[in-house]
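Raw start-v9.cif, mmCIF, C-alpha atoms and all ligand atoms:
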data_coords
loop_
_atom_site.label_atom_id
_atom_site.label_comp_id
_atom_site.auth_asym_id
_atom_site.auth_seq_id
_atom_site.Cartn_x
_atom_site.Cartn_y
_atom_site.Cartn_z
CA MET A 501 -36.88 -10.82 -17.38
CA ARG A 502 -35.29 -7.47 -17.25
CA HIS A 503 -37.54 -6.35 -14.42
CA LEU A 504 -36.83 -9.50 -12.48
CA THR A 505 -33.13 -8.97 -12.90
CA LEU A 506 -33.34 -5.38 -11.75
CA ALA A 507 -35.29 -6.37 -8.67
CA PHE A 508 -32.61 -8.94 -7.98
CA ALA A 509 -29.97 -6.27 -8.43
CA LEU A 510 -31.57 -4.11 -5.78
CA LEU A 511 -31.85 -7.08 -3.47
CA LEU A 512 -28.21 -7.90 -4.06
CA ALA A 513 -27.22 -4.28 -3.47
CA GLY A 514 -28.97 -4.33 -0.14
CA ALA A 515 -27.70 -7.75 0.82
CA CYS A 516 -24.08 -7.21 -0.12
CA VAL A 517 -23.51 -4.20 2.01
CA ALA A 518 -23.65 -4.57 5.74
CA GLN A 519 -25.94 -1.85 7.01
CA ALA A 520 -28.71 -1.35 9.50
CA PRO A 521 -32.23 -2.25 8.38
CA GLY A 522 -33.87 0.77 6.85
CA ALA A 523 -30.54 2.44 6.16
CA PRO A 524 -30.28 3.87 2.65
CA VAL A 525 -28.81 1.60 0.00
CA SER A 526 -25.26 2.87 -0.39
CA ARG A 527 -24.71 1.67 -3.92
CA ILE A 528 -26.58 0.69 -7.05
CA LEU A 529 -26.05 -2.36 -9.26
CA GLU A 530 -27.06 -2.17 -12.89
CA GLU A 531 -26.95 -4.43 -15.92
CA PRO A 532 -23.89 -3.82 -18.12
CA ALA A 533 -24.37 -1.17 -20.78
CA GLN A 534 -25.25 -2.42 -24.26
CA ASP A 535 -22.37 -2.94 -26.66
CA THR A 536 -22.73 -0.16 -29.21
CA ASP A 537 -19.98 -0.92 -31.73
CA GLY A 538 -20.26 -4.71 -32.11
CA ILE A 539 -16.69 -5.15 -30.87
CA THR A 540 -16.14 -6.89 -27.55
CA ARG A 541 -13.34 -4.84 -26.07
CA VAL A 542 -11.85 -5.66 -22.65
CA LEU A 543 -9.59 -3.45 -20.55
CA VAL A 544 -7.16 -5.34 -18.29
CA TYR A 545 -5.62 -3.57 -15.29
CA HIS A 546 -2.52 -5.21 -13.94
CA ASP A 547 -1.14 -4.74 -10.49
CA MET A 548 2.00 -6.51 -9.32
CA GLU A 549 1.39 -7.87 -5.81
CA GLY A 550 -1.06 -10.69 -6.50
CA LEU A 551 1.04 -12.68 -8.96
CA THR A 552 1.45 -16.39 -9.50
CA GLY A 553 4.66 -17.84 -8.04
CA GLN A 554 5.29 -14.68 -6.01
CA SER A 555 6.15 -14.59 -2.30
CA ASP A 556 8.88 -11.92 -2.10
CA PRO A 557 7.71 -8.29 -1.70
CA LYS A 558 10.86 -7.05 -3.45
CA THR A 559 9.62 -8.59 -6.71
CA PHE A 560 7.10 -5.76 -7.21
CA ARG A 561 9.60 -2.98 -6.42
CA PHE A 562 11.57 -1.24 -9.15
CA ALA A 563 14.04 -0.17 -6.43
CA HIS A 564 15.28 -3.78 -6.23
CA PRO A 565 16.27 -4.43 -9.85
CA ASP A 566 17.26 -8.10 -9.51
CA ARG A 567 14.07 -9.14 -7.72
CA TYR A 568 11.90 -6.79 -9.81
CA ALA A 569 13.22 -8.51 -12.95
CA VAL A 570 11.82 -11.78 -11.60
CA GLY A 571 8.51 -10.06 -10.77
CA ARG A 572 8.22 -8.89 -14.39
CA THR A 573 8.36 -12.50 -15.57
CA TYR A 574 5.57 -13.44 -13.10
CA LEU A 575 3.53 -10.49 -14.29
CA THR A 576 3.96 -11.14 -18.00
CA GLY A 577 3.09 -14.82 -17.52
CA ASP A 578 -0.12 -14.03 -15.63
CA VAL A 579 -1.23 -11.30 -18.04
CA ASN A 580 -0.60 -13.58 -21.04
CA ALA A 581 -2.64 -16.35 -19.39
CA VAL A 582 -5.57 -13.97 -18.87
CA VAL A 583 -5.29 -12.43 -22.35
CA ALA A 584 -5.38 -15.93 -23.87
CA GLY A 585 -8.54 -16.79 -21.94
CA LEU A 586 -10.26 -13.54 -22.92
CA PHE A 587 -9.61 -14.15 -26.62
CA GLU A 588 -10.73 -17.78 -26.29
CA GLY A 589 -13.95 -16.59 -24.66
CA GLY A 590 -14.83 -14.21 -27.49
CA ALA A 591 -13.05 -10.90 -26.84
CA ASP A 592 -12.20 -9.07 -30.06
CA GLU A 593 -9.74 -6.64 -28.50
CA VAL A 594 -7.81 -6.70 -25.22
CA HIS A 595 -6.14 -3.56 -23.95
CA ILE A 596 -3.81 -3.48 -20.94
CA VAL A 597 -3.07 -0.64 -18.56
CA ASP A 598 -0.58 -0.40 -15.70
CA GLY A 599 -2.38 -0.11 -12.37
CA HIS A 600 0.77 -0.65 -10.31
CA GLY A 601 3.09 2.33 -10.57
CA SER A 602 6.44 0.69 -9.87
CA GLY A 603 8.36 3.84 -10.75
CA ASN A 604 9.80 2.20 -13.84
CA PRO A 605 9.37 4.69 -16.73
CA ASP A 606 9.06 1.65 -19.03
CA PRO A 607 6.16 -0.79 -18.70
CA ASP A 608 6.46 -3.41 -15.96
CA LEU A 609 5.40 -5.94 -18.59
CA LEU A 610 8.13 -7.56 -20.68
CA LEU A 611 6.88 -6.36 -24.05
CA GLU A 612 8.94 -8.85 -26.05
CA ASP A 613 7.15 -11.68 -24.24
CA LEU A 614 3.68 -10.13 -24.16
CA ASP A 615 0.93 -11.74 -26.25
CA PRO A 616 1.16 -9.70 -29.51
CA ARG A 617 -2.65 -9.50 -29.72
CA ALA A 618 -2.76 -7.36 -26.56
CA VAL A 619 -2.56 -3.58 -26.93
CA LEU A 620 -0.83 -1.55 -24.24
CA VAL A 621 -2.71 1.64 -23.30
CA SER A 622 -0.36 4.61 -23.37
CA ARG A 623 -0.59 8.38 -23.41
CA ASP A 624 1.95 11.14 -23.85
CA ALA A 625 1.02 12.82 -20.56
CA ILE A 626 0.65 11.52 -17.01
CA PHE A 627 -2.76 10.00 -16.38
CA ASP A 628 -4.59 8.25 -13.57
CA ALA A 629 -5.62 4.81 -14.77
CA TYR A 630 -8.52 4.65 -12.29
CA VAL A 631 -10.35 7.72 -13.56
CA ASP A 632 -8.84 9.21 -16.70
CA LEU A 633 -9.71 6.36 -19.08
CA ILE A 634 -13.40 6.27 -18.26
CA GLU A 635 -15.66 6.95 -21.21
CA PRO A 636 -18.85 5.31 -22.39
CA GLY A 637 -19.04 3.03 -25.39
CA VAL A 638 -15.38 2.00 -25.57
CA TYR A 639 -14.96 -0.99 -23.25
CA ASP A 640 -17.49 -3.72 -22.56
CA ALA A 641 -15.81 -5.21 -19.50
CA VAL A 642 -12.84 -4.77 -17.18
CA ALA A 643 -10.57 -7.52 -15.83
CA VAL A 644 -7.96 -7.02 -13.10
CA VAL A 645 -4.85 -9.20 -12.74
CA GLY A 646 -2.27 -9.54 -9.98
CA MET A 647 -4.32 -7.56 -7.47
CA HIS A 648 -3.95 -7.40 -3.67
CA ALA A 649 -6.28 -7.25 -0.68
CA LYS A 650 -7.13 -3.96 1.01
CA THR A 651 -5.39 -2.36 4.00
CA GLY A 652 -6.20 -4.29 7.16
CA SER A 653 -7.05 -7.55 5.38
CA GLY A 654 -3.74 -9.26 6.23
CA GLY A 655 -3.19 -10.19 2.60
CA PHE A 656 0.15 -10.35 0.82
CA ALA A 657 1.22 -6.68 0.45
CA SER A 658 -2.32 -5.65 1.32
CA HIS A 659 -2.88 -1.91 0.94
CA THR A 660 -5.21 0.52 -0.78
CA PHE A 661 -3.81 3.05 -3.24
CA THR A 662 -0.54 3.39 -1.34
CA LEU A 663 1.14 2.39 1.93
CA GLY A 664 -0.94 2.81 5.08
CA ILE A 665 -4.12 4.05 3.37
CA ASP A 666 -7.66 2.72 3.85
CA ILE A 667 -10.45 4.21 1.71
CA LEU A 668 -14.16 4.15 2.57
CA PHE A 669 -17.05 5.11 0.30
CA ASN A 670 -20.49 5.28 1.94
CA ASP A 671 -19.13 3.43 5.00
CA MET A 672 -17.66 0.61 2.90
CA SER A 673 -13.91 0.05 3.16
CA VAL A 674 -12.89 -0.77 -0.41
CA THR A 675 -10.18 -2.57 -2.34
CA GLU A 676 -8.54 -1.09 -5.41
CA THR A 677 -10.62 -3.56 -7.44
CA GLU A 678 -13.77 -1.89 -6.07
CA ILE A 679 -12.38 1.58 -6.83
CA VAL A 680 -11.97 0.43 -10.44
CA GLY A 681 -15.49 -1.03 -10.30
CA TYR A 682 -17.14 2.15 -8.99
CA SER A 683 -15.23 4.28 -11.47
CA TRP A 684 -16.17 2.17 -14.53
CA GLY A 685 -19.68 1.53 -13.21
CA ARG A 686 -20.43 5.19 -13.95
CA VAL A 687 -20.49 4.27 -17.66
CA GLY A 688 -22.08 0.85 -17.17
CA VAL A 689 -18.91 -1.25 -17.45
CA PRO A 690 -18.59 -4.21 -15.04
CA VAL A 691 -15.47 -5.75 -13.50
CA ILE A 692 -15.77 -9.41 -14.47
CA PHE A 693 -12.50 -11.07 -13.51
CA ALA A 694 -9.82 -10.72 -10.81
CA SER A 695 -6.79 -12.64 -9.60
CA GLY A 696 -4.83 -12.38 -6.37
CA ASP A 697 -4.41 -14.05 -2.99
CA ASP A 698 -6.95 -15.75 -0.71
CA ARG A 699 -7.48 -12.54 1.30
CA LEU A 700 -8.50 -10.58 -1.77
CA ALA A 701 -10.91 -13.40 -2.60
CA LEU A 702 -12.52 -12.78 0.80
CA ASP A 703 -12.48 -8.99 0.36
CA LEU A 704 -14.39 -9.28 -2.93
CA ALA A 705 -16.77 -12.13 -2.08
CA GLY A 706 -19.17 -9.77 -0.28
CA PRO A 707 -19.21 -6.68 -2.49
CA MET A 708 -18.57 -8.27 -5.93
CA PRO A 709 -19.78 -11.89 -5.82
CA TRP A 710 -20.18 -12.07 -9.62
CA ILE A 711 -16.44 -11.70 -10.24
CA GLU A 712 -14.71 -14.77 -11.67
CA PHE A 713 -11.78 -15.00 -9.27
CA VAL A 714 -8.56 -17.01 -9.33
CA THR A 715 -6.70 -17.47 -6.03
CA VAL A 716 -3.04 -17.78 -7.03
CA LYS A 717 -1.55 -17.94 -3.52
CA THR A 718 -2.30 -18.05 0.18
CA ALA A 719 -1.06 -15.10 2.22
CA THR A 720 0.75 -16.13 5.40
CA SER A 721 1.48 -12.49 6.37
CA ALA A 722 1.71 -9.19 4.54
CA SER A 723 5.27 -10.09 3.50
CA THR A 724 5.02 -13.87 2.97
CA ALA A 725 2.84 -16.18 0.91
CA ASP A 726 2.46 -19.78 -0.24
CA PRO A 727 2.08 -19.65 -4.01
CA ARG A 728 0.27 -22.35 -5.94
CA PRO A 729 2.19 -24.28 -8.61
CA VAL A 730 2.60 -21.79 -11.44
CA ASP A 731 1.40 -23.97 -14.34
CA GLU A 732 -1.71 -25.01 -12.46
CA ALA A 733 -2.61 -21.44 -11.45
CA ARG A 734 -1.95 -20.05 -14.95
CA ALA A 735 -4.16 -22.72 -16.54
CA GLU A 736 -6.90 -21.63 -14.17
CA LEU A 737 -6.32 -17.96 -15.06
CA THR A 738 -6.93 -18.79 -18.72
CA ALA A 739 -9.99 -20.99 -18.13
CA THR A 740 -11.54 -18.52 -15.70
CA ALA A 741 -10.91 -15.44 -17.87
CA ARG A 742 -12.56 -17.32 -20.72
CA ARG A 743 -15.63 -18.07 -18.61
CA ALA A 744 -15.74 -14.46 -17.39
CA ILE A 745 -16.02 -12.96 -20.87
CA GLU A 746 -18.44 -15.63 -22.05
CA ASN A 747 -20.81 -14.68 -19.22
CA TYR A 748 -20.08 -10.99 -18.82
CA ARG A 749 -23.64 -9.95 -19.61
CA ASN A 750 -24.67 -11.65 -16.36
CA THR A 751 -22.47 -9.44 -14.14
CA TRP A 752 -23.13 -6.03 -12.63
CA ALA A 753 -21.90 -2.53 -13.15
CA MET A 754 -21.82 -0.75 -9.79
CA ARG A 755 -22.25 2.89 -8.84
CA LEU A 756 -22.10 4.71 -5.53
CA GLU A 757 -25.26 6.25 -4.19
CA GLU A 758 -24.90 10.05 -4.21
CA PRO A 759 -23.96 12.16 -2.42
CA VAL A 760 -20.92 10.08 -1.54
CA GLN A 761 -19.66 9.89 2.01
CA ALA A 762 -15.86 9.56 1.75
CA VAL A 763 -13.38 8.66 4.47
CA LEU A 764 -9.61 8.48 4.36
CA HIS A 765 -8.26 6.34 7.18
CA ALA A 766 -4.51 6.25 7.84
CA VAL A 767 -2.47 3.51 9.48
CA PRO A 768 1.35 3.36 9.80
CA PRO A 769 3.44 4.49 8.04
CA ALA A 770 0.80 7.06 6.97
CA ASP A 771 -0.62 9.56 9.48
CA LEU A 772 -3.50 12.06 9.48
CA SER A 773 -3.25 13.27 13.08
CA MET A 774 -1.83 16.64 11.93
CA LEU A 775 -5.40 17.52 10.88
CA ASP A 776 -6.80 16.94 14.36
CA GLY A 777 -8.39 20.14 15.65
CA VAL A 778 -8.49 22.01 12.33
CA PRO A 779 -11.90 23.75 12.18
CA HIS A 780 -14.28 22.37 9.52
CA ILE A 781 -12.16 19.24 9.09
CA GLU A 782 -14.02 16.21 10.33
CA TYR A 783 -11.24 14.23 12.00
CA ALA A 784 -11.33 11.36 14.50
CA ASP A 785 -9.03 8.39 15.13
CA GLN A 786 -6.85 8.80 12.04
CA ARG A 787 -9.94 9.28 9.87
CA VAL A 788 -10.94 12.34 7.85
CA SER A 789 -14.51 12.32 6.49
CA PHE A 790 -16.22 14.52 3.94
CA GLN A 791 -19.24 14.50 1.68
CA ALA A 792 -18.84 14.70 -2.10
CA SER A 793 -21.41 15.09 -4.83
CA ASP A 794 -20.23 12.05 -6.77
CA PHE A 795 -17.51 9.41 -7.11
CA ARG A 796 -15.11 11.69 -8.97
CA GLU A 797 -15.28 14.47 -6.43
CA ALA A 798 -14.83 11.95 -3.61
CA TYR A 799 -11.88 10.30 -5.37
CA ASP A 800 -10.12 13.60 -6.07
CA GLY A 801 -10.57 14.73 -2.46
CA LEU A 802 -9.26 11.43 -1.13
CA ILE A 803 -6.16 11.66 -3.34
CA GLU A 804 -5.39 15.10 -1.91
CA LEU A 805 -5.76 13.70 1.60
CA VAL A 806 -3.44 10.81 0.69
CA THR A 807 -0.76 13.43 0.05
CA VAL A 808 -1.32 14.80 3.56
CA ALA A 809 -1.28 11.31 5.11
CA ARG A 810 1.99 10.47 3.36
CA GLY A 811 3.53 13.20 5.53
CA GLY A 812 3.67 10.43 8.12
CA TYR A 813 6.32 8.66 6.06
CA SER A 814 8.84 11.34 7.10
CA GLY A 815 8.81 9.90 10.61
CA VAL A 816 10.37 6.76 9.17
CA LEU A 817 12.88 8.89 7.27
CA GLY A 818 13.91 10.44 10.58
CA GLU A 819 14.44 6.99 12.10
CA VAL A 820 16.57 5.93 9.13
CA ALA A 821 18.60 9.15 9.27
CA ARG A 822 19.39 8.66 12.95
CA ARG A 823 20.30 5.01 12.42
CA MET A 824 22.57 5.69 9.45
CA SER A 825 24.46 8.75 10.55
CA GLY A 826 23.92 9.45 14.20
CA GLU A 827 23.22 13.14 14.70
CA GLY A 828 24.99 14.25 11.52
CA LEU A 829 22.07 14.03 9.14
CA ASP A 830 19.66 15.50 11.71
CA LEU A 831 21.87 18.57 12.04
CA ALA A 832 22.37 18.91 8.28
CA TYR A 833 18.58 18.76 7.77
CA SER A 834 17.96 21.28 10.53
CA ASP A 835 20.57 23.66 9.12
CA ALA A 836 19.12 23.33 5.61
CA LEU A 837 15.65 24.22 6.89
CA PHE A 838 16.98 27.30 8.73
CA ASP A 839 19.00 28.36 5.69
CA ARG A 840 15.92 28.09 3.47
CA TRP A 841 13.92 30.23 5.89
CA LEU A 842 16.60 32.88 6.28
CA ASP A 843 17.38 32.98 2.56
CA PHE A 844 13.72 33.36 1.65
CA GLU A 845 13.16 35.99 4.32
CA SER A 846 16.22 37.90 3.04
CA GLY A 847 14.93 37.83 -0.54
CA ARG A 848 17.90 35.82 -1.83
CA TRP A 849 16.22 32.46 -2.33
CA LEU A 850 15.16 31.56 -5.83
CA PRO A 851 12.97 28.55 -6.48
CA PRO A 852 14.81 25.78 -8.31
CA GLU A 853 14.45 25.61 -12.09
CA PRO A 854 11.40 23.50 -12.84
CA ILE A 855 12.43 20.08 -14.08
CA PRO A 856 11.66 20.10 -17.81
CA SER A 857 8.85 17.66 -18.52
CA ILE A 858 10.39 14.73 -20.31
CA GLN A 859 8.86 13.70 -23.59
CA ARG A 860 7.94 10.11 -22.85
CA THR A 861 5.12 7.66 -22.98
CA TYR A 862 2.98 6.89 -19.91
CA HIS A 863 1.38 3.48 -19.48
CA GLY A 864 -0.67 4.07 -16.35
CA PHE A 865 0.34 4.87 -12.83
CA ARG A 866 3.79 6.41 -12.80
ZN ZN A 901 -2.40 -1.92 -6.04
#

Could you take the file, read its structure, and then write that structure out as structure tokens?
Ligand SMILES: [Zn+2]
Amino acid sequence: MRHLTLAFALLLAGACVAQAPGAPVSRILEEPAQDTDGITRVLVYHDMEGLTGQSDPKTFRFAHPDRYAVGRTYLTGDVNAVVAGLFEGGADEVHIVDGHGSGNPDPDLLLEDLDPRAVLVSRDAIFDAYVDLIEPGVYDAVAVVGMHAKTGSGGFASHTFTLGIDILFNDMSVTETEIVGYSWGRVGVPVIFASGDDRLALDLAGPMPWIEFVTVKTATSASTADPRPVDEARAELTATARRAIENYRNTWAMRLEEPVQAVLHAVPPADLSMLDGVPHIEYADQRVSFQASDFREAYDGLIELVTVARGGYSGVLGEVARRMSGEGLDLAYSDALFDRWLDFESGRWLPPEPIPSIQRTYHGFR
């Protein structure tokens, strides 16, 4: 049985990934690791763009407090629906981590309304929810709630990691759900459940066909969507999460074939063209490619490149500055740059006092 399943896994791995015949398999599917502690423990990542009832992009942005407050009610309702289903299906513990990063120092979830059985993951230092929680023998399965399609998919708020970023591992453009999957797959933990819009359903159907998926809305553009009736969609979230945990042994943990070929591809408002022509940097058409020994090295390199690509955002800042203040802000910025140069060169510039690190609790992405 086990051998049959493994053979099927290899078949599936080959079939799922579009590649030329004879090309190396770019990833490996494996049976979930055995539960070692007798406790079925599930980690739930929540994002905030693929929520039930949601069609306004301001509802996932902390910068718009009135709309964000509404988004928090969507989020808490969806997470509670999934948590209920996981417990019904046999989970002993459900932990939740923020995979969104709204900028709110407090959790996006409304804690007073959250299912009291759920435990919020928190640490007293900044951590990256995609990679810093990974350890063997703790979680049996991962579920993701309120997710969005990848950059270029035309889904509601579709993006990957941040605005204008597209990430490829071994020639596969991936969603954040797949990033979570490849990260947890390193310790044999499968992603078993996801919710989001119809475009994310399409994004995941090829690479992760075992996922129990709930489509909560239809994207009509990146900024508009037709949500399903909330009660109906939430009932399906509960029923589907229940089925997912009941059957989680029949899903797959996935790992990237090594070495990993990584590509960061930028689209507006991000930009990588400043790296064009730099020796030893493999750049073409807004793409920077490199080879890494494993997932973690690839991920860390990509995150550094994201910082470079976000330099493209400043072009938008320039447009806003000109629109809001004519030439005034342009001149003030130019003068400030020249002052910084001349002050530094004259030995009279002191770096600003480092901002004291605030003693606070971190729940996932900042
Ligand atoms: Zn996201």

Produce a table with one row for each residue of chain A that has an atom at most 8 Å from any atom of ligand ZN 901 (chain A), each row naming the nearest atom pair and its distance in Å at one decimal; use all atoms listed in the file; arrange rows by chain and rising residue number; format as a Markdown table.
| residue | atom | partner | partner_atom | distance |
| --- | --- | --- | --- | --- |
| A:Asp547 | CA | A:ZN901 | ZN | 5.4 |
| A:Met548 | CA | A:ZN901 | ZN | 7.2 |
| A:Glu549 | CA | A:ZN901 | ZN | 7.1 |
| A:Gly599 | CA | A:ZN901 | ZN | 6.6 |
| A:His600 | CA | A:ZN901 | ZN | 5.5 |
| A:Met647 | CA | A:ZN901 | ZN | 6.1 |
| A:His648 | CA | A:ZN901 | ZN | 6.2 |
| A:His659 | CA | A:ZN901 | ZN | 7.0 |
| A:Thr660 | CA | A:ZN901 | ZN | 6.4 |
| A:Phe661 | CA | A:ZN901 | ZN | 5.9 |
| A:Thr662 | CA | A:ZN901 | ZN | 7.3 |
| A:Glu676 | CA | A:ZN901 | ZN | 6.2 |

Emit the selected residues as a PDB file, in the coordinates of the input, including C-alpha atoms.
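Just written: result_37.pdb:
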ATOM      1  CA  ASP A 547      -1.140  -4.740 -10.490  1.00  0.00           C
ATOM      2  CA  MET A 548       2.000  -6.510  -9.320  1.00  0.00           C
ATOM      3  CA  GLU A 549       1.390  -7.870  -5.810  1.00  0.00           C
ATOM      4  CA  GLY A 599      -2.380  -0.110 -12.370  1.00  0.00           C
ATOM      5  CA  HIS A 600       0.770  -0.650 -10.310  1.00  0.00           C
ATOM      6  CA  MET A 647      -4.320  -7.560  -7.470  1.00  0.00           C
ATOM      7  CA  HIS A 648      -3.950  -7.400  -3.670  1.00  0.00           C
ATOM      8  CA  HIS A 659      -2.880  -1.910   0.940  1.00  0.00           C
ATOM      9  CA  THR A 660      -5.210   0.520  -0.780  1.00  0.00           C
ATOM     10  CA  PHE A 661      -3.810   3.050  -3.240  1.00  0.00           C
ATOM     11  CA  THR A 662      -0.540   3.390  -1.340  1.00  0.00           C
ATOM     12  CA  GLU A 676      -8.540  -1.090  -5.410  1.00  0.00           C
TER      13      GLU A 676
END

Contacts of Arg742 in chain A within 12 Å, only C-alpha atoms, excl. fewer than 2 positions in-chain, as JSON, numbers by chain: {"A": [542, 581, 582, 583, 584, 585, 586, 587, 588, 589, 590, 591, 643, 692, 693, 712, 713, 735, 736, 737, 738, 739, 740, 744, 745, 746, 747, 748]}

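If only C-alpha atoms are the atoms counted, then among A:Asp771, A:Ser658, A:Gly864, A:Tyr639 the closest residue to Gly538 in chain A is A:Tyr639.
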
Residue among A:Asn670, A:Ser814, A:Thr807, A:Ser723 lying closest to Ala792 in chain A, counting all atoms listed in the file: A:Asn670

Could you give me, as a short mmCIF file (atom, residue, chain, number, x, y, z; two decimals) with C-alpha atoms, keeping the file's coordinate frame, the residues that sit within 12 Å of (-11.6, 9.9, 11.5) in the file's coordinates, counting all atoms listed in the file?
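Final output, saved to out.cif:
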data_model
loop_
_atom_site.label_atom_id
_atom_site.label_comp_id
_atom_site.auth_asym_id
_atom_site.auth_seq_id
_atom_site.Cartn_x
_atom_site.Cartn_y
_atom_site.Cartn_z
CA ASP A 666 -7.66 2.72 3.85
CA ILE A 667 -10.45 4.21 1.71
CA LEU A 668 -14.16 4.15 2.57
CA ASP A 671 -19.13 3.43 5.00
CA ALA A 762 -15.86 9.56 1.75
CA VAL A 763 -13.38 8.66 4.47
CA LEU A 764 -9.61 8.48 4.36
CA HIS A 765 -8.26 6.34 7.18
CA ALA A 766 -4.51 6.25 7.84
CA VAL A 767 -2.47 3.51 9.48
CA ASP A 771 -0.62 9.56 9.48
CA LEU A 772 -3.50 12.06 9.48
CA SER A 773 -3.25 13.27 13.08
CA MET A 774 -1.83 16.64 11.93
CA LEU A 775 -5.40 17.52 10.88
CA ASP A 776 -6.80 16.94 14.36
CA GLY A 777 -8.39 20.14 15.65
CA ILE A 781 -12.16 19.24 9.09
CA GLU A 782 -14.02 16.21 10.33
CA TYR A 783 -11.24 14.23 12.00
CA ALA A 784 -11.33 11.36 14.50
CA ASP A 785 -9.03 8.39 15.13
CA GLN A 786 -6.85 8.80 12.04
CA ARG A 787 -9.94 9.28 9.87
CA VAL A 788 -10.94 12.34 7.85
CA SER A 789 -14.51 12.32 6.49
CA PHE A 790 -16.22 14.52 3.94
#

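The two atoms in question, CA of Val691 in chain A and CA of Ala533 in chain A, are spaced 12.4 Å apart.
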
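With all atoms listed in the file as the basis for measurement, A:Met754 is the residue among A:Ile679, A:Ala629, A:Met754, A:Ala836 that approaches Trp710 in chain A most closely.
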
Nearest to Gly553 in chain A, chosen from A:Gly706, A:Gly664, A:Gly646, A:Pro690, with all atoms listed in the file counted in the distances: A:Gly646

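When CA of Leu620 in chain A is paired with CA of Thr573 in chain A, their separation reads 16.7 Å.
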